[in-house]
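What follows is a set of notes on a single structure, which appears directly below.
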Amino acid sequence: MSLSRREFLHLASLMAAGTSLAACTPINRTIGGPVDVVLPAVPERLSMTDFKILSRLTFGPRMVERQQTASIGLYAWIEEQLAPHSIDDTPLEWRLHGFDLLDFDAATLASMGDLLFDDLDPARVVLPFQQATLLRQVYSRRQLYESMVAFWSDHFNISVSKGDCWFLKVVDDREVIRPNALGNFRELLRASAKSPAMLVYLDNQANLASAPNENYAREVMELHTLGVSGGYTQTDVMELARCLTGWSVKDHFWRGEFTFNPDVHDWGEKRVLGLSLPKADRPFNDRIQAGLAETEDTLDLLARHPATARRVAEKLARRFIADEPSEQVVARAAQVFLESDGDIKSVLRSVLFDGLIEMRTALPKKYKPPITFITSALRMLDAETNAGPSVIEAARRMGLAPFEWPTPDGPPDRAADWQGNLLPRWQFALAYARDELEGTRLNGATRLEGYPDLSPEATIDRISPLLLGQTLPKRLTDEFGAALRRTSGIEPAELTAVVVAGLIGSPAFQWS
Amino acid sequence: MIPSKFQISNLVEQFPDWMPRLAFSPKTVSPAGDLLVVVFLRGAADVLNILVPHGEEAYYRLRPTLGIPRPDDIRASPAERTIDLDGFFGLHPALGDLLPAWQAGHLAPIHAVGSPDESRSHFRAMELMERGAKDERGPATGWIGRHLASLDNGNRSPLRAIGLGEQTQLSLRGPLPVSALRSIADFHLGGDLEMASRMAAALQAVYQNDPELGAIGQDTLEMLDTLSRLNPLSYQAGGNAFYPESEFGLGLKQVAMLSKAEVGLEVAAIDLGGWDTHFAQGGGQGQMARLLTDLGAGLAAFYNDLQDQHDNLSVVVMSEFGRRAYENASLGTDHGHGSAMFLLGGAVRGGVVHGDWPGLADGQLFGPGDLAVTIDYRDILTELLQKRMQNPDAANVFPDYVSHQHELFR
């Protein structure tokens with residue numbers, strides 16, 4: 001948390017200036033010659049409720065997902081999504097060719113940012129990493145899995161603007177978040193605690209026995225597990241910080257790898273949350289194991305704590321169900337968390353199935369955060385995109401580009417946190433609808449140029465189901481149409497663009 | 001003929017070309033109170049190295065490496081020594097730009113201020129402070145939002161309050177819509193004028209009766225209209241003000257511009273982040289000194305730019321809590337308790353360090369070794385709202401709290 005969000009913009013402008021090699025290759029490949037995509041018909045059997053739920057579980061439902069859900073039913077669709085490896089994702093893999101950095105080790109990634117004369121360009125890593133992440137969100141068929149990857153990336157937030165996180169986060173994403181996103185919470189927490197990116201982000205590499213640094217120790221209890229009212233004390237923070245002394249990251253050889261340094265570890269007796277950790281007096285060979293075990297035992301205790309179960313259940317319910325989810329849904333999911341020893345799929349099933357039943361009677365709204373707003377506009381109109389700098393910059397203007405939330409609390413997840421900043425959404429909508437976003441092509445709606453005889457109202461009625469799941473209420477369509485009629489001399493293509501932009505900018509599209 | 005010509009040229013002189021058509025919207029009335037700018041230092045600023053208690057023996061004992069050297073410490077280079085204010089307290093050397101305001105009696109530091117919250121959690125502390133609430137119960141709105149709602153001064157401008165940046169600050173949240181503003185120059189829909197006006201008409205149609213987003217949508221459309229009349233690229237700051245090329249500096253410049261354009265601006269909230277200095281915070285130079293340079297240079301430029309408006313200007317600088325009195329092994333400081341606030345403006349009783357200093361000696365520290373809180377931050381804000389923002393209902397902005405006056409204004 002040592003850079004402000006605004007300071008990050010300096011880095012951002014660097015990124016906008018230099019498009020890296022990795023960023024270029026896929027652009028040319030995906031946006032080549034003329035595109036011929038016919039807008040699919042809107043499936044009629046998908047209820048508005050199911051459309052809304054599908055909007056929560058995806059980065060904006062594609063027509064094919066709407067059709068599939070309509071035919072097999074929502075529950076079957078969710079079960080299929082909960083087994084992501086059974087879903088063929090070849091089209092995405094093809095789009096990720098050229099993003100070799102996703103597989104690089106920390107030292108290689110670090111060298112990617114090195115320039116001559118000790119200069120550094122983190123954007124060479126950060127930009128393609130953000131781009132690949134957005135491509136996964138836009139093009140992966142494993143939508144629920146990618147949603148959970150985003151959820152845990154937010155929960156264990158790491159900003160690429162702190163220290164070496166600009167390359168370490170790529171490793172964290174690959175080795176901590178993605179393998180465990182639908183796995184077990186305890187293993188996820190343990191992996192995160194040994195993640196060099198996390199240790200650097202929260203200053204634990206500077207946590208020494210001589211004077212502990214409390215940063216990571218506090219946030220792991222406050223944010224990753226128990227929650228601020230979860231029952232820990234300042235003494236617990238200080239004791240866990242002592243356990244964590246020596247958990248660090250290699251600087252030189254094997255740069256960016258986790259290491260435990262016994263020389264700076266506090267070997268004294270400790271007591272965290274009632275757990276007694278006796279003075280380690282084992283033979284020398286076991287010392288490293290004994291030193292690590294103090295923290296690992298504490299992490300297990302934290303991962304199995306009822307306050308953690310509740311916090312994770314509540315955050316999941318907030319993400320997928322409602323800003324203020326019902327006590328019943330949260331309590332049941334927390335119970336499942338404890339009974340399943342932190343099995344994420346089981347907890348997610350509980351949240352979704354219980355929550356969905358509740359949603360069918362009273363549908364709470366969720367305000368789309370910046371990235372979902374953008375990806376849903378792209379996906380619902382089957383746009384072609386390289387998710388490059390123009391898209392990333394648009395997200396940043398709306399308040400959040402991937403991996404740029406500066407503070408360890410992760411981005412907020414309630415409507416009021418995002419609502420004060422409509423203009424960048426409108427700017428994006430208009431640029432996108434006019435095909436002015438570099439690297440992005442709106443192919444679906446431009447097909448409507450073939451229907452020059454459509455009235456404004458008919459155009460609105462033709463496009464709104466694609467974006468909103470249904471047509472606008474007649475009164476709104478009429479007012480929208482009347483506003484367009486008042487502006488004279490509008491060409492059919494312009495009419496389509498204003499309708500697409502107006503619908504994406506409209507109140508209804510801000511919600512899922 | 002001659003007088004009217006004279007008047008026209010006079011007008012042209014009066015209105016510089018960055019605001020070519022100074023069209024006063026009928027919705028805008030000049031606010032009776034000050035222009036209030038709330039600067040939030042996010043991440044718990046280490047106030048003991050900002051408002052340095054150089055007369056306190058314990059300070060140097062607790063911070064053998066991080067302590068900012070005494071004003072007369074000849075072992076340190078002059079540029080790294082504390083700037084003395086009153087013989088006991090001084091400013092960090094990176095805040096030298098604020099010295100003229102101090103000397104003019106327009107800068108009032110207040111020490112050992114804070115909130116009763118002891119969580120030492122950034123997120124909880126910031127939330128409570130911005131809401132002005134004592135715990136998770138109480139209003140979900142922000143203290144500025146409630147102030148604006150309770151002060152019906154007839155100002156209907158969409159720019160009555162703004163949050164600088166990409167998200168509006170929680171403190172601004174309330175019944176009235178408040179928009180985020182990053183840059184006046186970028187505040188347009190894009191595309192050509194014709195397309196933009198069609199888009200605006202379309203948005204007007206779909207937002208006008210929306211129950212949830214209608215108000216903020218309308219507010220944004222009106223802002224588009226108002227700001228399109230300004231030409232920020234040719235703005236010339238007054239008073240030889242030189243804004244730093246940082247988000248913070250540019251943010252304050254936008255505020256000054258709006259204030260001079262008389263578009264009804266009453267309150268602006270702006271953040272400066274990066275204060276969570278657990279690691280290598282530095283002393284007279286380094287990480288924190290760079291932040292302080294930005295803070296000091298930005299505030300000084302703003303103060304100079306608005307030299308003709310000092311009597312109607314109040315800036316308040318605050319942070320969620322302070323940091324541990326003793327340094328940690330990584331040349332940083334961990335989360336503490338007591339903080340400080342700064343007031344800047346023509347009506348501020350400045351040139352004096354206010355507060356009730358609790359001391360840093362053994363037995364005087366709070367909890368694990370933190371500066372104690374002797375003044376509640378709500379005292380300062382209530383007094384400000386009453387005396388400078390002309391809010392007769394200021395006492396109700398902070399529910400369940402009875403405030404005390406500290407005579408911070410003339």
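As shown in the structure tokens, the chain order sets the letters A, B, ...; within each chain, residues go from 1, and ligands are also counted from 1 in the order they appear.
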Who sits within 9 Å of Met288 of chain B, only C-alpha atoms, same chain under 3 positions skipped, as a PyMOL selection string: chain B and resi 45-46+274-275+277+280-285+291-293
Hey, list the chain A side of the contact with chain B: 8 Å cut-off, only C-alpha atoms, answer as a ChimeraX atom specification. /A:1-7,203,206-208,210-215,222,228,234,397-399,409,417-423,426-427,430-431,476,479-480,483-484,487,498-499,501-502,505-507
Give me, as a PDB file with C-alpha atoms, in the first residue's frame, all polymer residues having an atom no more than 7 Å from segment 109-111 of chain A, counting only C-alpha atoms and skipping those fewer than 4 positions away in the same chain.
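Output file around-v8.pdb is given in full below:
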ATOM      1  CA  LEU A 101       4.945 -14.602 -19.878  1.00  0.00           C
ATOM      2  CA  PHE A 104       7.645 -17.660 -16.969  1.00  0.00           C
ATOM      3  CA  ASP A 105       9.318 -18.046 -13.597  1.00  0.00           C
ATOM      4  CA  VAL A 125       5.131  -7.405 -17.841  1.00  0.00           C
ATOM      5  CA  PHE A 167       6.337  -9.454 -11.856  1.00  0.00           C
TER       6      PHE A 167
END
I need the residue nearest Val347 of chain A from this list: A:Gln143, A:Asn184, A:Thr361, A:Asn261. Use only C-alpha atoms for the distance.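 Nearest candidate to Val347 of chain A out of A:Gln143, A:Asn184, A:Thr361, A:Asn261: A:Asn184.
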Name the residues of segment 32-222 of chain A that come out as alpha helix (DSSP H) in a backbone DSSP run; write them as a PyMOL selection string. chain A and resi 48-57+63-72+74-81+90-95+106-113+123-139+143-155+165-172+178-180+185-193+196-201+215-219
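For the choices A:Phe99, A:Trp166, A:Tyr232, A:Phe51, the atom-to-atom distance to Leu273 of chain A is smallest for A:Tyr232 when using only C-alpha atoms.
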Residue contacts of Met63 of chain A (7 Å, only C-alpha atoms) excluding same-chain residues fewer than 2 positions away, as a PDB file with N, CA and C atoms, in the first residue's frame:
ATOM      1  N   PRO A  40     -27.008 -13.734 -33.199  1.00  0.00           N
ATOM      2  CA  PRO A  40     -27.903 -14.858 -32.974  1.00  0.00           C
ATOM      3  C   PRO A  40     -29.256 -14.386 -32.452  1.00  0.00           C
ATOM      4  N   PRO A  61     -23.299 -12.554 -19.937  1.00  0.00           N
ATOM      5  CA  PRO A  61     -23.599 -13.798 -20.648  1.00  0.00           C
ATOM      6  C   PRO A  61     -23.574 -13.626 -22.158  1.00  0.00           C
ATOM      7  N   GLU A  65     -24.264 -18.879 -24.211  1.00  0.00           N
ATOM      8  CA  GLU A  65     -24.479 -19.308 -22.822  1.00  0.00           C
ATOM      9  C   GLU A  65     -25.953 -19.165 -22.436  1.00  0.00           C
ATOM     10  N   ARG A  66     -26.581 -18.147 -22.978  1.00  0.00           N
ATOM     11  CA  ARG A  66     -28.006 -17.968 -22.701  1.00  0.00           C
ATOM     12  C   ARG A  66     -28.797 -19.116 -23.311  1.00  0.00           C
ATOM     13  N   GLN A  67     -28.404 -19.486 -24.534  1.00  0.00           N
ATOM     14  CA  GLN A  67     -29.119 -20.579 -25.206  1.00  0.00           C
ATOM     15  C   GLN A  67     -28.910 -21.890 -24.459  1.00  0.00           C
ATOM     16  N   MET A 380     -21.639  -9.420 -24.670  1.00  0.00           N
ATOM     17  CA  MET A 380     -23.039  -9.520 -25.052  1.00  0.00           C
ATOM     18  C   MET A 380     -23.277  -9.108 -26.506  1.00  0.00           C
TER      19      MET A 380
END
So that I can see what lies close to Gly369 of chain B, please list as a count of residues only the residues with an atom at most 8 Å from it, counting only C-alpha atoms and leaving out residues fewer than 2 positions away in the same chain. 8
Distance atom CA of Leu36 of chain B-atom CA of Arg414 of chain A, one decimal place? 27.7 Å
